[in-house]
$ cat entry_6.txt   # compact mmCIF, C-alpha atoms and all ligand atoms
# COMPACT_ATOMS: atom_id res chain seq x y z
CA MET P 1 22.49 22.59 12.65
CA GLN P 2 18.74 22.86 12.31
CA SER P 3 16.91 20.38 14.52
CA HIS P 4 14.33 18.12 12.94
CA PRO P 5 11.28 17.15 14.92
CA TYR P 6 10.54 14.00 12.92
CA LEU P 7 12.35 10.71 12.74
CA LEU P 8 10.73 10.11 9.38
CA ASP P 9 9.16 12.84 7.29
CA ILE P 10 7.62 11.80 3.98
CA ARG P 11 5.73 14.34 1.94
CA GLY P 12 3.96 13.85 -1.37
CA LEU P 13 5.61 10.54 -2.21
CA THR P 14 4.56 8.99 -5.50
CA THR P 15 6.16 5.78 -6.76
CA SER P 16 5.15 4.70 -10.24
CA PHE P 17 5.79 1.72 -12.46
CA ALA P 18 5.55 2.10 -16.22
CA VAL P 19 4.25 -1.24 -17.42
CA ALA P 20 3.25 -1.96 -21.04
CA ASP P 21 1.06 0.94 -22.14
CA ARG P 22 0.27 2.45 -18.75
CA THR P 23 1.74 3.78 -15.53
CA ILE P 24 0.71 2.35 -12.16
CA SER P 25 1.11 4.66 -9.18
CA ALA P 26 1.71 2.03 -6.49
CA VAL P 27 2.16 4.88 -3.99
CA ASN P 28 0.22 8.00 -4.76
CA GLY P 29 1.06 11.27 -3.06
CA VAL P 30 1.65 9.82 0.42
CA THR P 31 2.47 12.10 3.36
CA LEU P 32 3.47 10.47 6.67
CA ARG P 33 5.44 11.54 9.71
CA MET P 34 6.73 9.68 12.69
CA HIS P 35 8.68 10.52 15.83
CA SER P 36 11.52 8.62 17.50
CA GLY P 37 10.33 5.80 19.69
CA GLU P 38 7.02 5.56 17.85
CA THR P 39 5.49 2.65 15.97
CA LEU P 40 3.62 3.64 12.83
CA ALA P 41 1.69 0.82 11.21
CA VAL P 42 0.76 0.96 7.57
CA VAL P 43 -2.18 -1.36 6.96
CA GLY P 44 -4.02 -2.31 3.83
CA GLU P 45 -4.91 -5.23 1.64
CA SER P 46 -2.49 -6.99 -0.66
CA GLY P 47 -1.45 -4.75 -3.54
CA SER P 48 -2.31 -1.50 -1.75
CA GLY P 49 1.30 -0.30 -2.02
CA LYS P 50 2.66 -0.94 1.48
CA SER P 51 5.87 -2.70 0.48
CA THR P 52 6.49 -0.19 -2.29
CA LEU P 53 6.17 2.59 0.28
CA ALA P 54 8.74 0.89 2.54
CA LEU P 55 11.14 0.27 -0.32
CA SER P 56 10.74 3.88 -1.50
CA VAL P 57 11.97 5.18 1.87
CA LEU P 58 15.16 3.16 1.39
CA LYS P 59 15.26 4.01 -2.32
CA LEU P 60 15.28 0.31 -3.13
CA VAL P 61 12.40 0.35 -5.61
CA GLN P 62 13.33 -1.78 -8.55
CA LYS P 63 13.24 -0.61 -12.13
CA PRO P 64 11.00 0.37 -13.89
CA GLY P 65 9.86 2.06 -10.68
CA THR P 66 10.44 5.79 -10.23
CA ILE P 67 10.14 7.87 -7.07
CA GLN P 68 8.95 11.45 -6.89
CA ALA P 69 8.41 13.37 -3.66
CA GLU P 70 8.54 16.76 -2.04
CA CYS P 71 10.58 15.33 0.79
CA ILE P 72 11.86 12.06 2.27
CA ARG P 73 13.88 12.76 5.41
CA CYS P 74 15.16 10.57 8.22
CA HIS P 75 16.26 12.58 11.25
CA GLY P 76 16.73 15.52 8.95
CA LYS P 77 18.86 13.63 6.41
CA ASP P 78 17.59 14.35 2.92
CA LEU P 79 17.23 10.82 1.52
CA LEU P 80 15.41 11.98 -1.58
CA ASN P 81 18.40 13.84 -2.98
CA MET P 82 21.05 11.53 -1.56
CA SER P 83 23.49 9.68 -3.84
CA GLU P 84 23.29 5.90 -4.07
CA ARG P 85 26.67 5.69 -2.37
CA ALA P 86 25.47 7.74 0.60
CA MET P 87 22.23 5.74 0.71
CA ARG P 88 24.28 2.57 1.14
CA SER P 89 25.58 3.89 4.43
CA VAL P 90 22.08 4.95 5.54
CA ARG P 91 20.74 1.44 4.91
CA GLY P 92 21.50 -0.74 7.88
CA LYS P 93 22.97 2.10 9.89
CA ASP P 94 20.20 4.72 10.15
CA ILE P 95 17.39 2.58 8.78
CA ALA P 96 17.25 -1.22 8.83
CA MET P 97 14.62 -3.52 7.43
CA VAL P 98 13.24 -6.94 8.28
CA PHE P 99 11.09 -8.93 5.91
CA GLN P 100 8.39 -11.56 5.97
CA ASP P 101 10.62 -14.47 5.07
CA PRO P 102 13.82 -14.60 7.12
CA ALA P 103 15.12 -17.56 5.09
CA THR P 104 15.76 -15.26 2.11
CA ALA P 105 17.80 -12.84 4.22
CA PHE P 106 20.62 -15.32 4.88
CA HIS P 107 23.09 -17.13 2.70
CA PRO P 108 22.22 -20.83 3.05
CA MET P 109 25.84 -22.04 2.91
CA MET P 110 27.42 -19.57 5.31
CA PRO P 111 27.30 -19.90 9.11
CA LEU P 112 24.96 -17.34 10.67
CA GLY P 113 27.72 -15.94 12.89
CA LYS P 114 29.90 -15.01 9.93
CA GLN P 115 26.98 -13.24 8.23
CA LEU P 116 26.12 -11.34 11.37
CA MET P 117 29.70 -10.32 12.02
CA GLU P 118 30.04 -9.01 8.45
CA THR P 119 27.11 -6.72 9.17
CA VAL P 120 28.83 -4.97 12.07
CA ARG P 121 30.53 -1.93 10.62
CA THR P 122 33.17 -1.10 13.19
CA GLY P 123 35.49 -2.84 15.64
CA THR P 124 37.96 -5.70 15.78
CA ARG P 125 36.91 -9.29 15.11
CA LYS P 126 36.63 -9.93 18.82
CA GLU P 127 34.49 -6.83 19.37
CA LYS P 128 32.26 -7.74 16.46
CA LYS P 129 31.73 -11.23 17.84
CA GLN P 130 30.95 -9.81 21.26
CA ARG P 131 28.43 -7.40 19.76
CA VAL P 132 26.75 -10.21 17.80
CA LEU P 133 26.52 -12.46 20.86
CA GLU P 134 25.08 -9.65 22.93
CA MET P 135 22.45 -8.88 20.30
CA LEU P 136 21.51 -12.56 19.91
CA MET P 137 20.96 -12.68 23.66
CA ARG P 138 18.83 -9.55 23.53
CA VAL P 139 16.54 -11.10 20.93
CA GLY P 140 16.16 -14.16 23.15
CA LEU P 141 18.02 -16.71 21.07
CA PRO P 142 18.97 -19.69 23.24
CA ASP P 143 22.64 -20.72 23.25
CA PRO P 144 23.89 -17.91 20.99
CA GLU P 145 27.50 -19.14 20.99
CA ARG P 146 26.37 -22.38 19.34
CA GLN P 147 24.03 -20.57 16.93
CA LEU P 148 26.98 -18.64 15.52
CA ARG P 149 28.11 -21.85 13.89
CA SER P 150 24.63 -22.88 12.64
CA TYR P 151 23.20 -22.47 9.17
CA ALA P 152 19.89 -20.77 8.44
CA HIS P 153 18.00 -23.97 7.53
CA THR P 154 18.66 -25.53 10.95
CA LEU P 155 16.60 -22.91 12.79
CA SER P 156 12.80 -22.71 13.06
CA GLY P 157 11.02 -19.80 11.34
CA GLY P 158 10.52 -17.96 14.63
CA MET P 159 14.15 -18.38 15.73
CA LEU P 160 15.41 -17.29 12.34
CA GLN P 161 13.15 -14.23 12.51
CA ARG P 162 14.84 -13.39 15.83
CA VAL P 163 18.23 -13.69 14.15
CA MET P 164 17.09 -11.41 11.31
CA ILE P 165 15.90 -8.85 13.87
CA ALA P 166 19.27 -9.12 15.65
CA MET P 167 21.05 -8.55 12.34
CA ALA P 168 18.90 -5.51 11.60
CA LEU P 169 19.67 -3.99 15.00
CA LEU P 170 23.42 -4.64 15.08
CA ASN P 171 24.28 -1.14 13.92
CA ARG P 172 21.66 0.46 16.18
CA PRO P 173 19.39 1.98 13.54
CA GLN P 174 17.05 4.78 14.57
CA LEU P 175 14.34 3.42 12.33
CA LEU P 176 13.37 -0.21 11.78
CA ILE P 177 11.14 -1.00 8.84
CA ALA P 178 9.36 -4.30 9.43
CA ASP P 179 7.47 -5.57 6.39
CA GLU P 180 4.99 -8.26 7.46
CA PRO P 181 7.58 -9.70 9.89
CA THR P 182 5.18 -12.18 11.46
CA THR P 183 2.97 -13.17 8.54
CA ALA P 184 4.77 -16.44 7.82
CA LEU P 185 4.73 -17.54 11.48
CA ASP P 186 2.09 -19.36 13.48
CA VAL P 187 0.00 -17.36 15.91
CA THR P 188 1.92 -18.12 19.12
CA VAL P 189 5.28 -17.37 17.55
CA GLN P 190 3.75 -14.23 16.00
CA ALA P 191 2.81 -12.98 19.44
CA ASN P 192 6.34 -13.67 20.73
CA ILE P 193 7.94 -11.73 17.91
CA ILE P 194 5.56 -8.79 18.39
CA GLY P 195 6.39 -8.79 22.11
CA LEU P 196 10.08 -8.83 21.25
CA LEU P 197 9.77 -5.91 18.84
CA ARG P 198 7.86 -3.95 21.46
CA ASP P 199 10.62 -4.55 24.05
CA LEU P 200 13.43 -3.74 21.65
CA LYS P 201 11.71 -0.54 20.58
CA ARG P 202 11.69 0.59 24.19
CA GLN P 203 15.27 -0.49 24.88
CA PHE P 204 16.71 1.22 21.82
CA HIS P 205 14.20 4.06 21.59
CA MET P 206 13.90 3.46 17.87
CA GLY P 207 10.98 4.08 15.58
CA ILE P 208 9.27 1.17 13.84
CA LEU P 209 7.50 1.49 10.52
CA PHE P 210 5.39 -1.63 10.64
CA ILE P 211 3.82 -2.92 7.45
CA SER P 212 0.95 -5.34 7.89
CA HIS P 213 -2.33 -6.52 6.43
CA ASP P 214 -3.30 -7.90 9.84
CA LEU P 215 -5.21 -5.44 12.00
CA GLY P 216 -5.11 -7.87 14.93
CA VAL P 217 -1.33 -7.63 15.02
CA VAL P 218 -1.36 -3.86 14.48
CA ALA P 219 -3.78 -3.37 17.40
CA GLN P 220 -1.26 -5.01 19.71
CA PHE P 221 1.49 -2.49 19.43
CA ALA P 222 1.13 0.41 16.97
CA ASP P 223 0.97 4.00 18.25
CA GLN P 224 -0.21 5.45 14.94
CA VAL P 225 -1.94 3.75 12.05
CA ALA P 226 -2.06 4.73 8.39
CA VAL P 227 -4.66 2.91 6.32
CA MET P 228 -3.57 2.46 2.74
CA ARG P 229 -5.73 1.69 -0.23
CA ARG P 230 -4.67 1.63 -3.87
CA GLY P 231 -1.59 3.72 -3.20
CA ASN P 232 -3.37 6.34 -1.08
CA ILE P 233 -3.48 6.88 2.67
CA VAL P 234 -7.22 7.05 3.25
CA GLU P 235 -7.07 7.46 7.02
CA TYR P 236 -4.28 8.26 9.44
CA GLY P 237 -4.38 8.67 13.20
CA SER P 238 -3.71 7.19 16.61
CA THR P 239 -4.39 3.48 17.11
CA GLU P 240 -7.26 4.40 19.39
CA LYS P 241 -8.86 6.64 16.79
CA ILE P 242 -8.51 4.14 13.97
CA PHE P 243 -9.86 1.20 15.95
CA TYR P 244 -12.56 2.93 17.99
CA HIS P 245 -13.57 5.88 15.83
CA PRO P 246 -12.83 4.93 12.23
CA GLU P 247 -14.12 7.51 9.80
CA HIS P 248 -13.33 6.17 6.37
CA PRO P 249 -15.60 3.42 4.99
CA TYR P 250 -12.54 1.45 3.89
CA THR P 251 -11.14 1.45 7.44
CA ARG P 252 -14.50 0.20 8.70
CA HIS P 253 -14.48 -2.47 6.03
CA LEU P 254 -10.99 -3.64 7.09
CA LEU P 255 -12.07 -3.73 10.73
CA GLN P 256 -15.10 -5.84 9.87
CA MET P 257 -12.96 -8.21 7.84
CA ALA P 258 -10.41 -8.77 10.65
CA PRO P 259 -11.25 -12.21 12.05
CA ARG P 260 -9.34 -12.27 15.33
CA LEU P 261 -9.69 -8.66 16.23
CA GLY P 262 -12.18 -8.84 19.07
CA SER P 263 -9.82 -10.59 21.48
CA GLU P 264 -6.76 -8.59 20.52
CA LEU P 265 -7.96 -5.04 20.67
CA PRO P 266 -6.30 -3.20 23.51
CA SER P 267 -8.70 -1.65 25.95
CA PRO P 268 -8.86 2.16 25.79
CA VAL P 269 -7.25 2.15 29.26
CA GLU P 270 -4.29 0.18 27.94
CA ILE P 271 -3.89 2.57 25.04
CA ASP P 272 -3.83 5.48 27.48
CA ARG P 273 -1.23 3.75 29.58
CA HIS P 274 1.09 3.32 26.61
CA ALA P 275 0.55 6.81 25.28
N1 LIG P 301 8.44 -4.06 -9.79
C1 LIG P 301 7.16 -3.77 -10.08
N2 LIG P 301 6.74 -3.62 -11.35
C2 LIG P 301 5.46 -3.33 -11.63
N3 LIG P 301 4.50 -3.13 -10.70
C3 LIG P 301 4.85 -3.26 -9.43
C4 LIG P 301 6.18 -3.59 -9.03
N4 LIG P 301 6.23 -3.65 -7.67
C5 LIG P 301 4.97 -3.36 -7.25
N5 LIG P 301 4.15 -3.14 -8.30
C6 LIG P 301 2.72 -2.83 -8.22
O1 LIG P 301 2.51 -1.92 -7.18
C7 LIG P 301 1.28 -2.22 -6.49
C8 LIG P 301 1.52 -2.28 -5.01
O2 LIG P 301 2.34 -3.41 -4.67
P1 LIG P 301 2.95 -3.64 -3.21
O3 LIG P 301 3.72 -4.91 -3.26
O4 LIG P 301 3.62 -2.42 -2.77
O5 LIG P 301 1.63 -3.84 -2.35
P2 LIG P 301 1.49 -4.43 -0.90
O6 LIG P 301 0.40 -3.67 -0.26
O7 LIG P 301 2.80 -4.48 -0.22
O8 LIG P 301 1.00 -5.90 -1.18
P3 LIG P 301 1.52 -7.30 -0.59
O9 LIG P 301 1.13 -7.30 0.85
O10 LIG P 301 0.83 -8.32 -1.41
O11 LIG P 301 3.02 -7.29 -0.81
C9 LIG P 301 0.75 -3.50 -7.10
O12 LIG P 301 -0.31 -3.17 -7.96
C10 LIG P 301 1.89 -4.06 -7.86
O13 LIG P 301 1.44 -4.71 -9.01
$ encode --input "entry_6.txt" --output "structure tokens" --more "lines below"
Ligand SMILES: Nc1ncnc2c1ncn2[C@@H]1O[C@H](COP(=O)(O)OP(=O)(O)OP(=O)(O)O)[C@@H](O)[C@H]1O
Amino acid sequence: MQSHPYLLDIRGLTTSFAVADRTISAVNGVTLRMHSGETLAVVGESGSGKSTLALSVLKLVQKPGTIQAECIRCHGKDLLNMSERAMRSVRGKDIAMVFQDPATAFHPMMPLGKQLMETVRTGTRKEKKQRVLEMLMRVGLPDPERQLRSYAHTLSGGMLQRVMIAMALLNRPQLLIADEPTTALDVTVQANIIGLLRDLKRQFHMGILFISHDLGVVAQFADQVAVMRRGNIVEYGSTEKIFYHPEHPYTRHLLQMAPRLGSELPSPVEIDRHA
């Protein structure tokens, strides 16, 4: 079999919505590539097309949206031409996603443990439970055995976000898509979740496609950054390049607008160390 150098290889992706008398290209000819073990952040203001890009990779764009591309591949798998049935096995297994609001990811009336165990694709009941407990420990959830019997509303936003991350990782995806995973959390909890994602990325050697409007958060852990504006990638490069040598006026504008950035920018030395 031919080997594929990229974990994710998107070329010429356009996602359009026909609304009333016109067509909006929410994503407009986007080309992006990422390697295993890499974090690629897609940054841009609200409405720039970030979530649509993420949903396009999973082919979860809702009607009337349509996707056109030259190529969407994950570890060589041709997602673009894949049937819906085959895509269902890619979702969760090869690529998993976490969202901004963990409360919407869980059924409010079902214990968390049951929902997590239903996500595990293989093994006996006992093995599934073991796997869930192990993953809950890895995401730093205190007293995981007890949490199996809890309901979503009894956990804080940060704890529930940890559970959603655990659920996403249960089938060991190679790619995690995280769409604004810390936006709804307060700053301290945000930092904890970012730290957790950074650790998990290393442990599992997975790639993270990280969607955010917050350059302060992106500066903390992205390897590559793609700046998105009105459906287009206007600048794309290493975190160091984007933050220290931005070329596009829109990137400079975003950097100027970022309120907390000064204290959170990694030093160039730190960037080198993580390279
Ligand atoms: N289902 C839909 N029908 C029509 N237009 C849509 C639909 N989904 C997204 N769009 C349009 O696509 C554009 C990009 O939206 P998208 O949600 O991808 O942006 P975003 O950068 O993720 O913003 P936010 O951070 O606010 O979610 C917007 O102009 C939006 O109106």
$ closest_residue --input "entry_6.txt" --among "P:Lys59, P:Arg121, P:Arg162, P:Lys50" --to "ligand LIG 301 (chain P)" --atoms "only C-alpha atoms and all ligand atoms"
P:Lys50
$ residues_around --input "entry_6.txt" --residues "stretch 11-15 of chain P" --least-positions-apart "6" --cutoff "10 Å" --atoms "all atoms listed in the file" --output "PyMOL selection string"
chain P and resi 24-33+49+52-53+55-57+61+65-73+80+231-232
$ closest_residue --input "entry_6.txt" --among "P:Arg125, P:His253, P:Arg198, P:Lys114" --to "P:Arg149" --atoms "all atoms listed in the file"
P:Lys114
$ residues_around --input "entry_6.txt" --residues "P:Pro173" --least-positions-apart "3" --cutoff "8 Å" --atoms "only C-alpha atoms" --output "number ranges by chain"
P: 92-96, 168-170, 176, 206
$ closest_residue --input "entry_6.txt" --among "P:Leu255, P:Val227, P:Ala191, P:Met137" --to "ligand LIG 301 (chain P)" --atoms "all atoms listed in the file"
P:Val227
$ atom_distance --input "entry_6.txt" --atom1 "atom CA of P:Arg146" --atom2 "atom CA of P:Pro111"
10.6 Å
$ residues_around --input "entry_6.txt" --residues "P:Lys241" --least-positions-apart "4" --cutoff "12 Å" --atoms "only C-alpha atoms" --output "list in words"
Ala219, Ala222, Asp223, Gln224, Val225, Ala226, Val227, Glu235, Tyr236, Gly237, His245, Pro246, Glu247, His248, Thr251, Arg252, Pro268, Ile271 and Asp272 of chain P
$ atom_distance --input "entry_6.txt" --atom1 "atom CA of P:Thr122" --atom2 "atom CA of P:Glu145"
20.5 Å
$ closest_residue --input "entry_6.txt" --among "P:Leu148, P:Ile10, P:Val163, P:Met228" --to "ligand LIG 301 (chain P)" --atoms "only C-alpha atoms and all ligand atoms"
P:Met228
